[in-house]
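Enquirer: Have a look at this one before I ask anything.
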Amino acid sequence: MSEVMERRRPAAAGTPMLEVRNLEAWYGESHVLHGVNLEVHEGEVVTLLGRNGAGKTTTLRAVMGLVGRRSGSIRFRGQEVINERPDRVARMGIAYCPEERGIFASLDVTENLLLPPVVQEGGLDLDTIYRLFPNLKERARSQGTKLSGGEQQMLAIARILRTGAKLLLLDEPSEGLAPVIVQQIGHTIQELKSRGFTVLLVEQNFRFAQTVADRHYIMEHGRVVDMVRNEDLAASMDRLHEYLGV
Amino acid sequence: MAENLLLQALSGLASASSLFLVAAGLTVIFGVTRIVNFAHGSLYMLGAYLAWTLVTALPRGPLGFWGGVLGAALLVGLIGVLVEVLLLRRIYRAPELFQLLATFGVVLIVQDLALLVWGPQDLLGPRAPGLRGSVEILGLRFPLYDLFLIAVGPAVLGLLLLLFHRTRWGTLVRAATQDREMVGALGVNQRLLFTSVFFLGACLAGLGGALQLPRESVNLHMDLAIIVEAFVVVVVGGLGSLVGAFLAALLIGELHAFGILVFPRITLVLVFLVMAVVLVLRPHGLLGRPPEAPPAGAGGAEPPLRPAPPALRRLGAAALAAAVLLPPFADAYALSVLTEMAIFVLFAASLHFIMGPGGMASFGHAAYFGLGAYAAALLAKWAAAPMAAGLLLAPFAAGLFGLLFGWFCVRLSGVYAAMLTLAFAQIAWSVAFQWVEVTGGDNGILGVWPDAWAADPLAYYYLTLAFCLGATLLLRRVLHAPFGYALRAQRDSPLRAEALGVDAFQVRWLAFSLAALAAGIAGGFFAYAKGSVFPTALSIPRSVDALLMVLLGGVRTLSGPIVGAIAFTGLQEQLMRLVELWRLALGAVIVALVLFFPQGLAGAARAAYERRHGPAGA
Ligand SMILES: Nc1ncnc2c1ncn2[C@@H]1O[C@H](COP(=O)(O)OP(=O)(O)OP(=O)(O)O)[C@@H](O)[C@H]1O
Ligand SMILES: [Mg+2]
């Protein structure tokens, strides 16, 4: 683990892998994002923190192209993707694991795992995935929804590792899970980081967030209102508590 | 006797096969795209016509025949792709009723195109080479071809199950059936997937039609006949379930085969009754599952009802003044059109009452219109009752049936509710159509003329205007009363409304019956205006008329149905007078309406008004 920490890179270098500028988004008539700005550099783990309804999920969905209408700019490796369909965004190398996990009930574990098309070289192979998530191997033939909550979460993460996508958008992977499982997911994220994945992580669980992330963005009312580096966390505690209302 | 029953059962199985092919296509398409494709029956009909053309054009012999049948199925698949790419792809996010309506527009278009290409006469195809004869079963002769058809159903089911469970494409389809958004987010091109699913579904329909060639003549009525049965099969089996569709097709096929022996007059009623019973016991069909999650982006919050802006009120007042003051100068034809408009305004307003503020879908509202018309006409015919009695009985009868049918219908929502209302309307239609002794069947009831005091067209017009407009305004009044609040509250959030003490079921039931009653008033006046009643008064096209009026006007505004009824009556009148192919024109109008004016005319006008003046009524 200490080795992982040492490999952390400075956040400011080079073009960001993901650069979001003035992102606005709507669900039907309701205006949900009012100009989100953030950037994620290659190899970083960055969290989006904020109260319920702040717009964290919507930010991830907007990046994937899953909201009704959006404006502003979303650049992935320098390329504008604001007008792309979800499947095109996925094929460019951004993978999404939604809050509700999106496991297909009528498919078994292997089918769920093999569903996403491979988009680039360099994805993990099935053996590595099963080594990371041994539970999934045991349950390979179970129906997707017969899995426990933790297993579903692992499956949802596991299936996007095969595709070769290097930027992972994870929405509250720790939600509703027992502490042991949360810990296991934390290890997984660190392992992914050490393998060169870049992660944008939505979290409510602040304690969990600080064990895995390099930087934290704070969202409020559809905007990013602050950014804190993990190493400055202790100094910024009061501010954070105020934002998050904990 | 036992042999006879066996043969009857076998012939039921043979018809079940084609029914299953069509229903399988319908259910597969629904599973992935969430669209109930009304035009699926048209694809079936095209399959039969194209097979006729190919088989008669190709050299005789097995190769020509089977090549023609398969070629027709593939061609229909391509036509399906065309429909998907040009039309459906643009409306995947539209409300369900819009989708149903758009595909009904395709039905109309295909009907006229088929008429143009193949003419109005029935076409007879050749018999299948190698399967011409019959076999002897328990001493009775049974057509070999039917035996072949019996095998086709399970064979196709098996192939489809293999396709869906053993191929990557099948895995993608099953995943998209559950959550198409997630499939897209994982990098699968949904457009290709949807188009390919539509191709498969259309091929199945085309194959079903083509395989009928040796059994029955090809004609222009095949589309609606099969689609209504396929709906029943799919809904009874559970939307999206292949095995369910197979079981239901067997059930319906057998029901037909034996129904003819037992109740030759009411086979249709029997079929729809079974469907109603299944839906009440299992609201999602035999093997259907409730949807996992509502499709994202569908629907959206309804805007509150707002009082009419002053400009609209002035316009309404002017229209009313014109409706009262101008008719004395109108000729007989214009008067009959105006009378019809007044009737349809009420008819449309009554449907809007449950659809808009009530949030319920009805695809069979003509049932209550027709029941009103029949009640009035039957009383006039069998009791020689005065007109007033007939006009009084009409809403009473329609309201009563509204209570009865509504008790079933308001339990369901979305497509299932639309299908059940359609089923009840078809029951009413088939009784009017088949019970010849009482209703006169297809010949209808003639000689339903107004009493002497209202015999003058102008007098009858004013009478109609007074009652229909009065009832329309009463419906509007109800919407702004506490009952109206409860109705809208249960539409927006049944749970929250119940928490506030609103009995959602009762409110919906009452609203449904009230709408039926109002439609009955319109129906009564319609009977006396025309002097006759025919089963068309409660047919599917009549129900679609009502839907069109509401959607043409716009479902979200109160003046929508009024504008829509007037526009639609005028439009249809002109189309039928001026254009030979009025179905084609009407179909094109429907499709254009759904594509370009999803808010309807009144909605578009309101939006334009608000762009200039800010929110109306604010
Ligand atoms: N499908 C939707 N339609 C309309 N409004 C929505 C929809 N989804 C979310 N919203 C609204 O958008 C805002 C932001 O929601 P979002 O889900 O992005 O919040 P979040 O930060 O992820 O919250 P949580 O921590 O509860 O997951 C909320 O006010 C919510 O009510
Ligand atoms: Mg969220």
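Following the order of the structure tokens, first chain is A, next is B, and so on, with residues numbered from 1 inside each chain and ligands from 1 in the order they appear.
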Going by DSSP on the backbone, which bits of segment 22-234 of chain A are strand (DSSP E)? Write them as a PDB file with N, CA, C and O atoms, in the first residue's frame, please.

Expert:
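And here's result15.pdb as it stands now:
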ATOM      1  N   ASN A  22     -17.639  24.334 -17.422  1.00  0.00           N
ATOM      2  CA  ASN A  22     -18.960  24.972 -17.523  1.00  0.00           C
ATOM      3  C   ASN A  22     -20.052  23.993 -17.924  1.00  0.00           C
ATOM      4  O   ASN A  22     -20.913  24.300 -18.726  1.00  0.00           O
ATOM      5  N   LEU A  23     -19.992  22.831 -17.358  1.00  0.00           N
ATOM      6  CA  LEU A  23     -20.968  21.808 -17.736  1.00  0.00           C
ATOM      7  C   LEU A  23     -22.327  22.110 -17.101  1.00  0.00           C
ATOM      8  O   LEU A  23     -22.441  22.256 -15.891  1.00  0.00           O
ATOM      9  N   GLU A  24     -23.327  22.231 -17.957  1.00  0.00           N
ATOM     10  CA  GLU A  24     -24.699  22.385 -17.462  1.00  0.00           C
ATOM     11  C   GLU A  24     -25.503  21.209 -17.954  1.00  0.00           C
ATOM     12  O   GLU A  24     -25.243  20.679 -19.036  1.00  0.00           O
ATOM     13  N   ALA A  25     -26.494  20.798 -17.164  1.00  0.00           N
ATOM     14  CA  ALA A  25     -27.302  19.647 -17.587  1.00  0.00           C
ATOM     15  C   ALA A  25     -28.728  19.797 -17.091  1.00  0.00           C
ATOM     16  O   ALA A  25     -28.989  20.446 -16.073  1.00  0.00           O
ATOM     17  N   TRP A  26     -29.640  19.229 -17.846  1.00  0.00           N
ATOM     18  CA  TRP A  26     -31.065  19.303 -17.544  1.00  0.00           C
ATOM     19  C   TRP A  26     -31.683  17.906 -17.556  1.00  0.00           C
ATOM     20  O   TRP A  26     -31.294  17.070 -18.373  1.00  0.00           O
ATOM     21  N   TYR A  27     -32.629  17.686 -16.640  1.00  0.00           N
ATOM     22  CA  TYR A  27     -33.534  16.532 -16.777  1.00  0.00           C
ATOM     23  C   TYR A  27     -34.874  17.109 -17.187  1.00  0.00           C
ATOM     24  O   TYR A  27     -35.543  17.732 -16.370  1.00  0.00           O
ATOM     25  N   SER A  30     -36.041  20.508 -15.673  1.00  0.00           N
ATOM     26  CA  SER A  30     -35.322  20.970 -14.483  1.00  0.00           C
ATOM     27  C   SER A  30     -33.821  21.040 -14.745  1.00  0.00           C
ATOM     28  O   SER A  30     -33.186  20.101 -15.214  1.00  0.00           O
ATOM     29  N   HIS A  31     -33.289  22.171 -14.406  1.00  0.00           N
ATOM     30  CA  HIS A  31     -31.891  22.516 -14.625  1.00  0.00           C
ATOM     31  C   HIS A  31     -31.108  22.003 -13.423  1.00  0.00           C
ATOM     32  O   HIS A  31     -31.286  22.500 -12.325  1.00  0.00           O
ATOM     33  N   VAL A  32     -30.248  21.020 -13.616  1.00  0.00           N
ATOM     34  CA  VAL A  32     -29.618  20.368 -12.478  1.00  0.00           C
ATOM     35  C   VAL A  32     -28.155  20.786 -12.297  1.00  0.00           C
ATOM     36  O   VAL A  32     -27.719  21.070 -11.183  1.00  0.00           O
ATOM     37  N   LEU A  33     -27.383  20.828 -13.359  1.00  0.00           N
ATOM     38  CA  LEU A  33     -25.990  21.280 -13.240  1.00  0.00           C
ATOM     39  C   LEU A  33     -25.871  22.705 -13.763  1.00  0.00           C
ATOM     40  O   LEU A  33     -26.364  23.024 -14.838  1.00  0.00           O
ATOM     41  N   HIS A  34     -25.202  23.552 -12.978  1.00  0.00           N
ATOM     42  CA  HIS A  34     -25.133  24.974 -13.331  1.00  0.00           C
ATOM     43  C   HIS A  34     -23.702  25.403 -13.595  1.00  0.00           C
ATOM     44  O   HIS A  34     -23.255  26.421 -13.082  1.00  0.00           O
ATOM     45  N   GLY A  35     -22.955  24.622 -14.364  1.00  0.00           N
ATOM     46  CA  GLY A  35     -21.587  25.040 -14.645  1.00  0.00           C
ATOM     47  C   GLY A  35     -20.591  24.315 -13.757  1.00  0.00           C
ATOM     48  O   GLY A  35     -20.059  24.886 -12.806  1.00  0.00           O
ATOM     49  N   VAL A  36     -20.355  23.049 -14.052  1.00  0.00           N
ATOM     50  CA  VAL A  36     -19.398  22.256 -13.275  1.00  0.00           C
ATOM     51  C   VAL A  36     -18.026  22.359 -13.936  1.00  0.00           C
ATOM     52  O   VAL A  36     -17.913  22.248 -15.160  1.00  0.00           O
ATOM     53  N   ASN A  37     -17.005  22.608 -13.133  1.00  0.00           N
ATOM     54  CA  ASN A  37     -15.632  22.624 -13.636  1.00  0.00           C
ATOM     55  C   ASN A  37     -14.804  21.639 -12.842  1.00  0.00           C
ATOM     56  O   ASN A  37     -14.791  21.684 -11.615  1.00  0.00           O
ATOM     57  N   LEU A  38     -14.130  20.745 -13.513  1.00  0.00           N
ATOM     58  CA  LEU A  38     -13.205  19.851 -12.815  1.00  0.00           C
ATOM     59  C   LEU A  38     -12.262  19.223 -13.823  1.00  0.00           C
ATOM     60  O   LEU A  38     -12.509  19.248 -15.032  1.00  0.00           O
ATOM     61  N   GLU A  39     -11.147  18.695 -13.297  1.00  0.00           N
ATOM     62  CA  GLU A  39     -10.260  17.966 -14.182  1.00  0.00           C
ATOM     63  C   GLU A  39      -9.666  16.769 -13.449  1.00  0.00           C
ATOM     64  O   GLU A  39      -9.521  16.773 -12.235  1.00  0.00           O
ATOM     65  N   VAL A  40      -9.379  15.748 -14.217  1.00  0.00           N
ATOM     66  CA  VAL A  40      -8.791  14.534 -13.655  1.00  0.00           C
ATOM     67  C   VAL A  40      -7.586  14.196 -14.513  1.00  0.00           C
ATOM     68  O   VAL A  40      -7.689  14.148 -15.743  1.00  0.00           O
ATOM     69  N   VAL A  45      -6.768   9.310  -8.580  1.00  0.00           N
ATOM     70  CA  VAL A  45      -8.093   8.959  -8.080  1.00  0.00           C
ATOM     71  C   VAL A  45      -8.675  10.235  -7.480  1.00  0.00           C
ATOM     72  O   VAL A  45      -8.083  10.824  -6.564  1.00  0.00           O
ATOM     73  N   VAL A  46      -9.783  10.682  -8.033  1.00  0.00           N
ATOM     74  CA  VAL A  46     -10.381  11.945  -7.608  1.00  0.00           C
ATOM     75  C   VAL A  46     -11.805  11.668  -7.159  1.00  0.00           C
ATOM     76  O   VAL A  46     -12.521  10.900  -7.805  1.00  0.00           O
ATOM     77  N   THR A  47     -12.217  12.261  -6.041  1.00  0.00           N
ATOM     78  CA  THR A  47     -13.602  12.040  -5.617  1.00  0.00           C
ATOM     79  C   THR A  47     -14.434  13.292  -5.834  1.00  0.00           C
ATOM     80  O   THR A  47     -13.921  14.407  -5.866  1.00  0.00           O
ATOM     81  N   LEU A  48     -15.743  13.054  -5.971  1.00  0.00           N
ATOM     82  CA  LEU A  48     -16.732  14.118  -5.960  1.00  0.00           C
ATOM     83  C   LEU A  48     -17.506  13.933  -4.669  1.00  0.00           C
ATOM     84  O   LEU A  48     -18.162  12.903  -4.486  1.00  0.00           O
ATOM     85  N   LEU A  49     -17.408  14.922  -3.773  1.00  0.00           N
ATOM     86  CA  LEU A  49     -18.151  14.835  -2.524  1.00  0.00           C
ATOM     87  C   LEU A  49     -19.288  15.835  -2.564  1.00  0.00           C
ATOM     88  O   LEU A  49     -19.244  16.813  -3.314  1.00  0.00           O
ATOM     89  N   GLY A  50     -20.282  15.618  -1.740  1.00  0.00           N
ATOM     90  CA  GLY A  50     -21.377  16.587  -1.684  1.00  0.00           C
ATOM     91  C   GLY A  50     -22.596  15.959  -1.068  1.00  0.00           C
ATOM     92  O   GLY A  50     -22.713  14.738  -0.992  1.00  0.00           O
ATOM     93  N   ARG A  69     -30.285  16.879 -21.751  1.00  0.00           N
ATOM     94  CA  ARG A  69     -29.654  17.974 -22.472  1.00  0.00           C
ATOM     95  C   ARG A  69     -28.454  18.456 -21.664  1.00  0.00           C
ATOM     96  O   ARG A  69     -28.497  18.466 -20.437  1.00  0.00           O
ATOM     97  N   ARG A  70     -27.400  18.816 -22.325  1.00  0.00           N
ATOM     98  CA  ARG A  70     -26.234  19.333 -21.606  1.00  0.00           C
ATOM     99  C   ARG A  70     -25.525  20.365 -22.481  1.00  0.00           C
ATOM    100  O   ARG A  70     -25.671  20.359 -23.706  1.00  0.00           O
ATOM    101  N   SER A  71     -24.758  21.234 -21.815  1.00  0.00           N
ATOM    102  CA  SER A  71     -23.966  22.189 -22.587  1.00  0.00           C
ATOM    103  C   SER A  71     -22.666  22.422 -21.835  1.00  0.00           C
ATOM    104  O   SER A  71     -22.522  22.008 -20.692  1.00  0.00           O
ATOM    105  N   GLY A  72     -21.724  23.104 -22.471  1.00  0.00           N
ATOM    106  CA  GLY A  72     -20.409  23.292 -21.890  1.00  0.00           C
ATOM    107  C   GLY A  72     -19.410  22.451 -22.651  1.00  0.00           C
ATOM    108  O   GLY A  72     -19.593  22.179 -23.841  1.00  0.00           O
ATOM    109  N   SER A  73     -18.361  22.028 -21.961  1.00  0.00           N
ATOM    110  CA  SER A  73     -17.328  21.271 -22.652  1.00  0.00           C
ATOM    111  C   SER A  73     -16.865  20.101 -21.799  1.00  0.00           C
ATOM    112  O   SER A  73     -16.695  20.220 -20.586  1.00  0.00           O
ATOM    113  N   ILE A  74     -16.752  18.945 -22.431  1.00  0.00           N
ATOM    114  CA  ILE A  74     -16.178  17.774 -21.766  1.00  0.00           C
ATOM    115  C   ILE A  74     -15.092  17.261 -22.695  1.00  0.00           C
ATOM    116  O   ILE A  74     -15.390  16.840 -23.812  1.00  0.00           O
ATOM    117  N   ARG A  75     -13.840  17.359 -22.260  1.00  0.00           N
ATOM    118  CA  ARG A  75     -12.760  16.867 -23.109  1.00  0.00           C
ATOM    119  C   ARG A  75     -12.152  15.633 -22.494  1.00  0.00           C
ATOM    120  O   ARG A  75     -11.813  15.617 -21.316  1.00  0.00           O
ATOM    121  N   PHE A  76     -12.008  14.619 -23.323  1.00  0.00           N
ATOM    122  CA  PHE A  76     -11.358  13.396 -22.881  1.00  0.00           C
ATOM    123  C   PHE A  76     -10.086  13.240 -23.701  1.00  0.00           C
ATOM    124  O   PHE A  76     -10.156  13.176 -24.939  1.00  0.00           O
ATOM    125  N   GLN A  79     -10.018  15.567 -26.484  1.00  0.00           N
ATOM    126  CA  GLN A  79     -11.028  15.511 -27.540  1.00  0.00           C
ATOM    127  C   GLN A  79     -12.415  15.851 -26.975  1.00  0.00           C
ATOM    128  O   GLN A  79     -12.801  15.337 -25.918  1.00  0.00           O
ATOM    129  N   GLU A  80     -13.140  16.705 -27.664  1.00  0.00           N
ATOM    130  CA  GLU A  80     -14.469  17.134 -27.189  1.00  0.00           C
ATOM    131  C   GLU A  80     -15.465  15.978 -27.322  1.00  0.00           C
ATOM    132  O   GLU A  80     -15.582  15.382 -28.397  1.00  0.00           O
ATOM    133  N   ILE A  94     -14.033   5.562 -21.765  1.00  0.00           N
ATOM    134  CA  ILE A  94     -14.527   5.955 -20.441  1.00  0.00           C
ATOM    135  C   ILE A  94     -15.540   4.894 -20.013  1.00  0.00           C
ATOM    136  O   ILE A  94     -16.456   4.579 -20.761  1.00  0.00           O
ATOM    137  N   ALA A  95     -15.363   4.339 -18.835  1.00  0.00           N
ATOM    138  CA  ALA A  95     -16.284   3.295 -18.379  1.00  0.00           C
ATOM    139  C   ALA A  95     -17.047   3.794 -17.170  1.00  0.00           C
ATOM    140  O   ALA A  95     -16.518   4.549 -16.348  1.00  0.00           O
ATOM    141  N   TYR A  96     -18.299   3.353 -17.055  1.00  0.00           N
ATOM    142  CA  TYR A  96     -19.208   3.909 -16.052  1.00  0.00           C
ATOM    143  C   TYR A  96     -19.818   2.799 -15.225  1.00  0.00           C
ATOM    144  O   TYR A  96     -20.307   1.802 -15.754  1.00  0.00           O
ATOM    145  N   CYS A  97     -19.776   2.994 -13.915  1.00  0.00           N
ATOM    146  CA  CYS A  97     -20.405   2.037 -13.007  1.00  0.00           C
ATOM    147  C   CYS A  97     -21.440   2.812 -12.195  1.00  0.00           C
ATOM    148  O   CYS A  97     -21.086   3.620 -11.344  1.00  0.00           O
ATOM    149  N   LEU A 167     -10.321   5.257 -17.991  1.00  0.00           N
ATOM    150  CA  LEU A 167     -10.927   6.189 -17.041  1.00  0.00           C
ATOM    151  C   LEU A 167     -12.207   5.560 -16.515  1.00  0.00           C
ATOM    152  O   LEU A 167     -13.114   5.236 -17.278  1.00  0.00           O
ATOM    153  N   LEU A 168     -12.257   5.360 -15.203  1.00  0.00           N
ATOM    154  CA  LEU A 168     -13.430   4.721 -14.615  1.00  0.00           C
ATOM    155  C   LEU A 168     -14.241   5.753 -13.843  1.00  0.00           C
ATOM    156  O   LEU A 168     -13.686   6.497 -13.029  1.00  0.00           O
ATOM    157  N   LEU A 169     -15.551   5.815 -14.115  1.00  0.00           N
ATOM    158  CA  LEU A 169     -16.439   6.673 -13.341  1.00  0.00           C
ATOM    159  C   LEU A 169     -17.226   5.762 -12.401  1.00  0.00           C
ATOM    160  O   LEU A 169     -18.036   4.962 -12.864  1.00  0.00           O
ATOM    161  N   LEU A 170     -16.947   5.854 -11.109  1.00  0.00           N
ATOM    162  CA  LEU A 170     -17.610   4.958 -10.152  1.00  0.00           C
ATOM    163  C   LEU A 170     -18.546   5.772  -9.264  1.00  0.00           C
ATOM    164  O   LEU A 170     -18.112   6.714  -8.603  1.00  0.00           O
ATOM    165  N   ASP A 171     -19.814   5.411  -9.235  1.00  0.00           N
ATOM    166  CA  ASP A 171     -20.788   6.162  -8.448  1.00  0.00           C
ATOM    167  C   ASP A 171     -21.099   5.429  -7.140  1.00  0.00           C
ATOM    168  O   ASP A 171     -21.771   4.395  -7.154  1.00  0.00           O
ATOM    169  N   THR A 198      -7.349   5.368 -14.073  1.00  0.00           N
ATOM    170  CA  THR A 198      -7.685   6.668 -13.531  1.00  0.00           C
ATOM    171  C   THR A 198      -9.135   6.583 -13.061  1.00  0.00           C
ATOM    172  O   THR A 198      -9.960   5.992 -13.756  1.00  0.00           O
ATOM    173  N   VAL A 199      -9.416   7.146 -11.878  1.00  0.00           N
ATOM    174  CA  VAL A 199     -10.753   6.952 -11.320  1.00  0.00           C
ATOM    175  C   VAL A 199     -11.364   8.289 -10.907  1.00  0.00           C
ATOM    176  O   VAL A 199     -10.717   9.087 -10.227  1.00  0.00           O
ATOM    177  N   LEU A 200     -12.607   8.507 -11.344  1.00  0.00           N
ATOM    178  CA  LEU A 200     -13.400   9.613 -10.805  1.00  0.00           C
ATOM    179  C   LEU A 200     -14.512   8.965  -9.997  1.00  0.00           C
ATOM    180  O   LEU A 200     -15.339   8.219 -10.517  1.00  0.00           O
ATOM    181  N   LEU A 201     -14.479   9.247  -8.695  1.00  0.00           N
ATOM    182  CA  LEU A 201     -15.270   8.477  -7.753  1.00  0.00           C
ATOM    183  C   LEU A 201     -16.268   9.387  -7.046  1.00  0.00           C
ATOM    184  O   LEU A 201     -15.883  10.405  -6.484  1.00  0.00           O
ATOM    185  N   VAL A 202     -17.547   9.037  -7.091  1.00  0.00           N
ATOM    186  CA  VAL A 202     -18.533   9.769  -6.310  1.00  0.00           C
ATOM    187  C   VAL A 202     -18.656   9.100  -4.957  1.00  0.00           C
ATOM    188  O   VAL A 202     -18.742   7.884  -4.885  1.00  0.00           O
ATOM    189  N   ARG A 215      -7.334  13.694  -4.603  1.00  0.00           N
ATOM    190  CA  ARG A 215      -7.942  15.017  -4.462  1.00  0.00           C
ATOM    191  C   ARG A 215      -9.439  14.833  -4.305  1.00  0.00           C
ATOM    192  O   ARG A 215      -9.999  13.799  -4.660  1.00  0.00           O
ATOM    193  N   HIS A 216     -10.081  15.869  -3.760  1.00  0.00           N
ATOM    194  CA  HIS A 216     -11.532  15.823  -3.579  1.00  0.00           C
ATOM    195  C   HIS A 216     -12.147  17.103  -4.132  1.00  0.00           C
ATOM    196  O   HIS A 216     -11.677  18.193  -3.831  1.00  0.00           O
ATOM    197  N   TYR A 217     -13.173  16.946  -4.939  1.00  0.00           N
ATOM    198  CA  TYR A 217     -13.972  18.107  -5.335  1.00  0.00           C
ATOM    199  C   TYR A 217     -15.235  18.121  -4.487  1.00  0.00           C
ATOM    200  O   TYR A 217     -15.823  17.062  -4.223  1.00  0.00           O
ATOM    201  N   ILE A 218     -15.661  19.315  -4.097  1.00  0.00           N
ATOM    202  CA  ILE A 218     -16.899  19.417  -3.329  1.00  0.00           C
ATOM    203  C   ILE A 218     -17.976  20.032  -4.220  1.00  0.00           C
ATOM    204  O   ILE A 218     -17.747  21.076  -4.847  1.00  0.00           O
ATOM    205  N   MET A 219     -19.126  19.392  -4.272  1.00  0.00           N
ATOM    206  CA  MET A 219     -20.234  19.920  -5.085  1.00  0.00           C
ATOM    207  C   MET A 219     -21.356  20.421  -4.201  1.00  0.00           C
ATOM    208  O   MET A 219     -21.635  19.861  -3.142  1.00  0.00           O
ATOM    209  N   GLU A 220     -21.977  21.502  -4.669  1.00  0.00           N
ATOM    210  CA  GLU A 220     -23.142  22.036  -3.976  1.00  0.00           C
ATOM    211  C   GLU A 220     -24.066  22.630  -5.028  1.00  0.00           C
ATOM    212  O   GLU A 220     -23.620  23.397  -5.887  1.00  0.00           O
ATOM    213  N   ARG A 223     -22.886  22.762  -8.667  1.00  0.00           N
ATOM    214  CA  ARG A 223     -21.604  23.395  -8.998  1.00  0.00           C
ATOM    215  C   ARG A 223     -20.489  22.756  -8.187  1.00  0.00           C
ATOM    216  O   ARG A 223     -20.727  22.279  -7.079  1.00  0.00           O
ATOM    217  N   VAL A 224     -19.262  22.815  -8.707  1.00  0.00           N
ATOM    218  CA  VAL A 224     -18.109  22.463  -7.885  1.00  0.00           C
ATOM    219  C   VAL A 224     -17.719  23.719  -7.136  1.00  0.00           C
ATOM    220  O   VAL A 224     -17.440  24.748  -7.739  1.00  0.00           O
ATOM    221  N   VAL A 225     -17.727  23.634  -5.801  1.00  0.00           N
ATOM    222  CA  VAL A 225     -17.473  24.857  -5.032  1.00  0.00           C
ATOM    223  C   VAL A 225     -16.096  24.867  -4.383  1.00  0.00           C
ATOM    224  O   VAL A 225     -15.654  25.892  -3.904  1.00  0.00           O
ATOM    225  N   ASP A 226     -15.423  23.711  -4.343  1.00  0.00           N
ATOM    226  CA  ASP A 226     -14.126  23.702  -3.678  1.00  0.00           C
ATOM    227  C   ASP A 226     -13.345  22.464  -4.103  1.00  0.00           C
ATOM    228  O   ASP A 226     -13.927  21.505  -4.612  1.00  0.00           O
ATOM    229  N   MET A 227     -12.007  22.534  -3.891  1.00  0.00           N
ATOM    230  CA  MET A 227     -11.165  21.380  -4.171  1.00  0.00           C
ATOM    231  C   MET A 227     -10.151  21.261  -3.048  1.00  0.00           C
ATOM    232  O   MET A 227      -9.580  22.257  -2.619  1.00  0.00           O
ATOM    233  N   VAL A 228      -9.977  20.064  -2.541  1.00  0.00           N
ATOM    234  CA  VAL A 228      -9.047  19.839  -1.440  1.00  0.00           C
ATOM    235  C   VAL A 228      -8.138  18.679  -1.800  1.00  0.00           C
ATOM    236  O   VAL A 228      -8.603  17.633  -2.243  1.00  0.00           O
ATOM    237  N   ARG A 229      -6.822  18.873  -1.610  1.00  0.00           N
ATOM    238  CA  ARG A 229      -5.896  17.749  -1.791  1.00  0.00           C
ATOM    239  C   ARG A 229      -5.954  16.857  -0.574  1.00  0.00           C
ATOM    240  O   ARG A 229      -6.143  17.340   0.544  1.00  0.00           O
TER     241      ARG A 229
END

Enquirer: Excluding Leu422 of chain B and residues on its chain fewer than 2 positions from it, collect all residues at most 9 Å away from it, counting only C-alpha atoms, and give them as a PyMOL selection string.

Expert: chain B and resi 228+362-365+367+417-420+424-427+540+543

Enquirer: Limited to C-alpha atoms, could you put the picked residues into a file as a compact mmCIF listing (two decimals), in the first residue's frame?

Expert:
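Listing of selection.txt after writing:
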# COMPACT_ATOMS: atom_id res chain seq x y z
CA VAL B 228 -55.84 -7.43 -32.32
CA SER B 362 -57.55 4.36 -23.29
CA PHE B 363 -57.41 2.78 -26.66
CA GLY B 364 -61.07 1.83 -26.64
CA HIS B 365 -62.98 4.97 -25.83
CA ALA B 367 -66.90 1.63 -26.81
CA ALA B 417 -54.35 -0.47 -19.62
CA ALA B 418 -54.43 0.59 -23.25
CA MET B 419 -54.69 -3.05 -24.31
CA LEU B 420 -57.43 -3.88 -21.83
CA PHE B 424 -63.34 -4.28 -23.91
CA ALA B 425 -64.07 -2.10 -26.90
CA GLN B 426 -63.56 -5.12 -29.14
CA ILE B 427 -65.99 -7.13 -26.99
CA ILE B 540 -60.85 0.62 -33.30
CA SER B 543 -61.29 5.01 -30.84

Enquirer: Identify which of the residues A:Pro16, A:Gly186, A:Gly102, A:Gly149 lies closest to chain B, counting only C-alpha atoms when measuring atom-to-atom distances.

Expert: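 When distances to chain B are compared using only C-alpha atoms, the smallest one comes from A:Gly102.
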
Enquirer: Could the residues of chain B within 8 Å of chain A, counting only C-alpha atoms, be given as a VMD selection string, please?

Expert: chain B and resid 171 to 172 174 to 175 178 to 179 181 to 190 297 300

Enquirer: Quick one: of A:Glu151, A:Glu203, A:Glu231, A:Asp214, who's nearest to Pro173 of chain A, counting only C-alpha atoms?

Expert: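 Between A:Glu151, A:Glu203, A:Glu231, A:Asp214, the residue approaching Pro173 of chain A most closely is A:Glu203.
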
Enquirer: Looking only at helix (DSSP H, G or I) from DSSP on the backbone, list the matching residues of segment 165-369 of chain B as a PyMOL selection string.

Expert: chain B and resi 165-166+168-178+180-185+190-211+222-237+242-262+264-281+310-325+327-329+332-355+366-369

Enquirer: For His256 of chain B, please output as an MDAnalysis selection string all residues within 10 Å (counting only C-alpha atoms; exclusion window: fewer than 6 positions along the same chain).

Expert: chainID B and resid 8:9 11:12 15:16 250 262:264 266:268 270:271
